[in-house]
>>> print(open('data.cif').read())   # mmCIF, N, CA, C and O atoms
data_input
loop_
_atom_site.label_atom_id
_atom_site.label_comp_id
_atom_site.auth_asym_id
_atom_site.auth_seq_id
_atom_site.Cartn_x
_atom_site.Cartn_y
_atom_site.Cartn_z
N MET N 1 70.64 -109.76 96.02
CA MET N 1 71.64 -110.50 96.75
C MET N 1 72.63 -109.48 97.35
O MET N 1 73.19 -108.67 96.63
N ASP N 2 72.84 -109.55 98.68
CA ASP N 2 73.78 -108.62 99.30
C ASP N 2 75.21 -109.13 99.15
O ASP N 2 75.46 -110.25 98.70
N GLU N 3 76.15 -108.29 99.55
CA GLU N 3 77.57 -108.60 99.35
C GLU N 3 78.01 -109.86 100.10
O GLU N 3 78.77 -110.67 99.57
N GLU N 4 77.52 -110.04 101.32
CA GLU N 4 77.90 -111.22 102.11
C GLU N 4 77.45 -112.52 101.43
O GLU N 4 78.20 -113.49 101.37
N GLU N 5 76.23 -112.53 100.90
CA GLU N 5 75.72 -113.72 100.20
C GLU N 5 76.54 -113.98 98.94
O GLU N 5 76.83 -115.13 98.61
N LEU N 6 76.88 -112.92 98.23
CA LEU N 6 77.66 -113.05 97.00
C LEU N 6 79.05 -113.63 97.30
O LEU N 6 79.50 -114.54 96.60
N ILE N 7 79.69 -113.15 98.35
CA ILE N 7 81.01 -113.67 98.73
C ILE N 7 80.92 -115.13 99.13
O ILE N 7 81.75 -115.95 98.74
N LYS N 8 79.88 -115.48 99.90
CA LYS N 8 79.71 -116.86 100.33
C LYS N 8 79.43 -117.78 99.14
O LYS N 8 79.97 -118.89 99.04
N LYS N 9 78.62 -117.30 98.20
CA LYS N 9 78.26 -118.10 97.03
C LYS N 9 79.48 -118.38 96.15
O LYS N 9 79.61 -119.44 95.56
N HIS N 10 80.38 -117.42 96.07
CA HIS N 10 81.56 -117.54 95.20
C HIS N 10 82.84 -117.66 96.02
O HIS N 10 83.86 -117.09 95.67
N SER N 11 82.80 -118.46 97.09
CA SER N 11 84.00 -118.61 97.92
C SER N 11 85.00 -119.53 97.22
O SER N 11 84.65 -120.31 96.34
N GLY N 12 86.24 -119.40 97.62
CA GLY N 12 87.30 -120.22 97.03
C GLY N 12 88.64 -119.66 97.40
O GLY N 12 88.76 -118.85 98.31
N GLU N 13 89.66 -120.06 96.69
CA GLU N 13 91.02 -119.60 96.95
C GLU N 13 91.60 -118.92 95.72
O GLU N 13 91.34 -119.33 94.59
N TRP N 14 92.42 -117.89 95.97
CA TRP N 14 93.15 -117.22 94.92
C TRP N 14 94.51 -117.91 94.78
O TRP N 14 95.14 -118.26 95.76
N ILE N 15 94.93 -118.12 93.55
CA ILE N 15 96.19 -118.81 93.27
C ILE N 15 97.09 -117.90 92.44
O ILE N 15 96.65 -117.32 91.45
N LEU N 16 98.34 -117.79 92.87
CA LEU N 16 99.34 -117.00 92.16
C LEU N 16 100.18 -117.95 91.31
O LEU N 16 100.74 -118.91 91.83
N PHE N 17 100.22 -117.67 90.02
CA PHE N 17 101.02 -118.46 89.07
C PHE N 17 102.17 -117.62 88.55
O PHE N 17 102.01 -116.43 88.29
N PHE N 18 103.31 -118.23 88.38
CA PHE N 18 104.42 -117.61 87.66
C PHE N 18 104.90 -118.60 86.62
O PHE N 18 105.27 -119.73 86.95
N ASN N 19 104.85 -118.19 85.37
CA ASN N 19 105.26 -119.04 84.25
C ASN N 19 104.49 -120.37 84.30
O ASN N 19 105.08 -121.45 84.16
N ASP N 20 103.19 -120.30 84.56
CA ASP N 20 102.27 -121.43 84.61
C ASP N 20 102.57 -122.44 85.72
O ASP N 20 102.15 -123.59 85.65
N GLU N 21 103.28 -122.03 86.76
CA GLU N 21 103.51 -122.86 87.93
C GLU N 21 102.94 -122.17 89.15
O GLU N 21 103.08 -120.96 89.31
N ILE N 22 102.29 -122.93 90.04
CA ILE N 22 101.70 -122.37 91.24
C ILE N 22 102.80 -121.93 92.19
O ILE N 22 103.70 -122.71 92.52
N VAL N 23 102.72 -120.68 92.64
CA VAL N 23 103.70 -120.12 93.56
C VAL N 23 103.12 -120.07 94.98
O VAL N 23 103.81 -120.40 95.93
N ASP N 24 101.85 -119.67 95.11
CA ASP N 24 101.22 -119.53 96.42
C ASP N 24 99.71 -119.48 96.24
O ASP N 24 99.21 -119.36 95.12
N HIS N 25 98.99 -119.56 97.37
CA HIS N 25 97.53 -119.48 97.34
C HIS N 25 97.03 -118.86 98.64
O HIS N 25 97.72 -118.90 99.66
N SER N 26 95.85 -118.25 98.59
CA SER N 26 95.28 -117.60 99.76
C SER N 26 93.80 -117.32 99.52
O SER N 26 93.36 -117.23 98.37
N ASN N 27 93.05 -117.14 100.60
CA ASN N 27 91.65 -116.69 100.49
C ASN N 27 91.58 -115.19 100.25
O ASN N 27 90.53 -114.68 99.89
N ASN N 28 92.68 -114.49 100.45
CA ASN N 28 92.72 -113.04 100.41
C ASN N 28 93.38 -112.56 99.12
O ASN N 28 94.57 -112.76 98.90
N LEU N 29 92.60 -111.87 98.28
CA LEU N 29 93.13 -111.36 97.01
C LEU N 29 94.19 -110.30 97.24
O LEU N 29 95.21 -110.27 96.54
N GLU N 30 93.99 -109.42 98.22
CA GLU N 30 94.98 -108.38 98.50
C GLU N 30 96.35 -108.98 98.82
O GLU N 30 97.38 -108.48 98.38
N LYS N 31 96.34 -110.06 99.59
CA LYS N 31 97.60 -110.75 99.93
C LYS N 31 98.29 -111.25 98.67
O LYS N 31 99.50 -111.11 98.51
N MET N 32 97.52 -111.82 97.76
CA MET N 32 98.10 -112.35 96.52
C MET N 32 98.67 -111.22 95.66
O MET N 32 99.74 -111.36 95.07
N LEU N 33 97.96 -110.09 95.61
CA LEU N 33 98.45 -108.95 94.82
C LEU N 33 99.75 -108.39 95.40
O LEU N 33 100.69 -108.09 94.66
N ARG N 34 99.81 -108.26 96.73
CA ARG N 34 101.03 -107.77 97.38
C ARG N 34 102.19 -108.74 97.17
O ARG N 34 103.32 -108.34 96.88
N LEU N 35 101.91 -110.04 97.29
CA LEU N 35 102.95 -111.05 97.10
C LEU N 35 103.48 -111.03 95.67
O LEU N 35 104.69 -111.11 95.44
N ALA N 36 102.58 -110.92 94.71
CA ALA N 36 102.99 -110.87 93.30
C ALA N 36 103.86 -109.64 93.04
O ALA N 36 104.89 -109.72 92.36
N ASP N 37 103.48 -108.50 93.62
CA ASP N 37 104.25 -107.27 93.44
C ASP N 37 105.62 -107.38 94.10
O ASP N 37 106.62 -106.89 93.58
N LYS N 38 105.68 -108.04 95.26
CA LYS N 38 106.94 -108.19 95.99
C LYS N 38 107.88 -109.18 95.29
O LYS N 38 109.07 -108.90 95.10
N LYS N 39 107.35 -110.36 94.92
CA LYS N 39 108.20 -111.40 94.32
C LYS N 39 108.55 -111.13 92.86
O LYS N 39 109.61 -111.51 92.39
N PHE N 40 107.61 -110.53 92.14
CA PHE N 40 107.78 -110.36 90.69
C PHE N 40 107.49 -108.91 90.28
O PHE N 40 106.48 -108.61 89.67
N PRO N 41 108.40 -107.97 90.63
CA PRO N 41 108.17 -106.56 90.28
C PRO N 41 108.05 -106.38 88.77
O PRO N 41 108.73 -107.03 87.98
N SER N 42 107.13 -105.49 88.39
CA SER N 42 106.81 -105.31 86.96
C SER N 42 107.99 -104.83 86.14
O SER N 42 108.07 -105.12 84.94
N GLU N 43 108.93 -104.11 86.75
CA GLU N 43 110.07 -103.65 85.97
C GLU N 43 111.08 -104.76 85.69
O GLU N 43 111.94 -104.63 84.84
N LYS N 44 110.93 -105.89 86.38
CA LYS N 44 111.88 -107.00 86.22
C LYS N 44 111.28 -108.19 85.45
O LYS N 44 112.00 -108.91 84.77
N TYR N 45 109.98 -108.39 85.57
CA TYR N 45 109.32 -109.55 84.96
C TYR N 45 108.18 -109.09 84.05
O TYR N 45 107.42 -108.20 84.42
N PRO N 46 108.03 -109.71 82.88
CA PRO N 46 106.91 -109.35 81.99
C PRO N 46 105.57 -109.78 82.60
O PRO N 46 105.47 -110.81 83.27
N ASP N 47 104.55 -108.96 82.38
CA ASP N 47 103.22 -109.21 82.94
C ASP N 47 102.60 -110.52 82.49
O ASP N 47 101.82 -111.12 83.23
N ASP N 48 102.93 -111.00 81.30
CA ASP N 48 102.29 -112.22 80.81
C ASP N 48 102.78 -113.49 81.49
O ASP N 48 102.22 -114.56 81.30
N LEU N 49 103.81 -113.40 82.34
CA LEU N 49 104.28 -114.57 83.10
C LEU N 49 103.59 -114.71 84.45
O LEU N 49 103.65 -115.75 85.08
N ILE N 50 102.92 -113.65 84.89
CA ILE N 50 102.31 -113.61 86.23
C ILE N 50 100.79 -113.62 86.08
O ILE N 50 100.22 -112.79 85.37
N LYS N 51 100.15 -114.57 86.77
CA LYS N 51 98.69 -114.68 86.70
C LYS N 51 98.14 -114.94 88.09
O LYS N 51 98.78 -115.62 88.89
N ILE N 52 96.96 -114.40 88.35
CA ILE N 52 96.24 -114.70 89.59
C ILE N 52 94.86 -115.17 89.18
O ILE N 52 94.18 -114.53 88.38
N SER N 53 94.47 -116.31 89.70
CA SER N 53 93.19 -116.91 89.33
C SER N 53 92.48 -117.38 90.59
O SER N 53 93.10 -117.67 91.60
N LYS N 54 91.16 -117.45 90.52
CA LYS N 54 90.38 -117.94 91.66
C LYS N 54 89.82 -119.32 91.33
O LYS N 54 89.24 -119.54 90.28
N VAL N 55 90.00 -120.23 92.28
CA VAL N 55 89.42 -121.57 92.19
C VAL N 55 88.25 -121.59 93.14
O VAL N 55 88.41 -121.39 94.34
N LEU N 56 87.05 -121.80 92.60
CA LEU N 56 85.84 -121.79 93.41
C LEU N 56 85.70 -123.08 94.20
O LEU N 56 86.09 -124.14 93.73
N SER N 57 85.13 -122.97 95.38
CA SER N 57 84.87 -124.16 96.20
C SER N 57 83.39 -124.49 96.17
O SER N 57 82.56 -123.68 95.78
N GLY N 58 83.08 -125.70 96.57
CA GLY N 58 81.68 -126.11 96.63
C GLY N 58 81.18 -126.65 95.31
O GLY N 58 81.94 -126.95 94.40
N ASP N 59 79.87 -126.79 95.22
CA ASP N 59 79.23 -127.29 94.01
C ASP N 59 79.07 -126.17 93.01
O ASP N 59 78.52 -125.12 93.32
N ILE N 60 79.53 -126.40 91.82
CA ILE N 60 79.45 -125.39 90.76
C ILE N 60 78.55 -125.95 89.67
O ILE N 60 78.79 -127.03 89.14
N ARG N 61 77.51 -125.19 89.36
CA ARG N 61 76.56 -125.62 88.32
C ARG N 61 76.86 -124.88 87.04
O ARG N 61 76.94 -123.66 87.01
N LEU N 62 77.06 -125.61 85.99
CA LEU N 62 77.26 -125.03 84.67
C LEU N 62 75.95 -125.11 83.92
O LEU N 62 75.32 -126.15 83.84
N LEU N 63 75.55 -124.00 83.36
CA LEU N 63 74.29 -123.95 82.62
C LEU N 63 74.53 -124.05 81.14
O LEU N 63 75.44 -123.63 80.60
#
>>> encode(input="data.cif", output="structure tokens")
Amino acid sequence: MDEEELIKKHSGEWILFFNDEIVDHSNNLEKMLRLADKKFPSEKYPDDLIKISKVLSGDIRLL
């Protein structure tokens, strides 16, 4: 499986959480990482309050 097929198979949106609340979302992980660094600098906020997760789109088969 090439990279393009892999990306298409696992498409979805990245979600930025702060203290278990959704702050923003995007298809671009780099954007989410930059936003997290800008809004919640590591010297000011503990790492365990900031999370980035991906929500997959389409049909998901669980085996």
>>> select_by_dssp(input="data.cif", residues="chain N", states="strand (DSSP E or B)", output="list in words")
Gly12, Glu13, Trp14, Ile15, Leu16, Phe17, Phe18, Glu21, Ile22, Val23, Asp24, His25, Ser26, Ile50, Lys51, Ile52, Ser53, Lys54, Val55 and Leu56 of chain N
>>> resolve_selection(input="data.cif", expression="the PyMOL selection byres ((chain N and resi 13-28) around 7)", output="PyMOL selection string")
chain N and resi 10-12+29-33+48-57
>>> select_by_dssp(input="data.cif", residues="chain N", states="helix (DSSP H, G or I)", output="number ranges by chain")
N: 3-9, 29-39, 47-49
>>> atom_distance(input="data.cif", atom1="atom CA of N:Glu3", atom2="atom CA of N:Leu35")
25.6 Å
>>> atom_distance(input="data.cif", atom1="atom CA of N:Pro46", atom2="atom N of N:Arg34")
16.4 Å
>>> atom_distance(input="data.cif", atom1="atom O of N:Asp47", atom2="atom CA of N:Lys9")
28.2 Å
>>> axis_aligned_box(input="data.cif", around="stretch 20-28 of chain N", padding_each_side="5 Å", output="JSON")
{"center_x": 97.2, "center_y": -118.1, "center_z": 92.6, "size_x": 23.3, "size_y": 21.0, "size_z": 26.0}
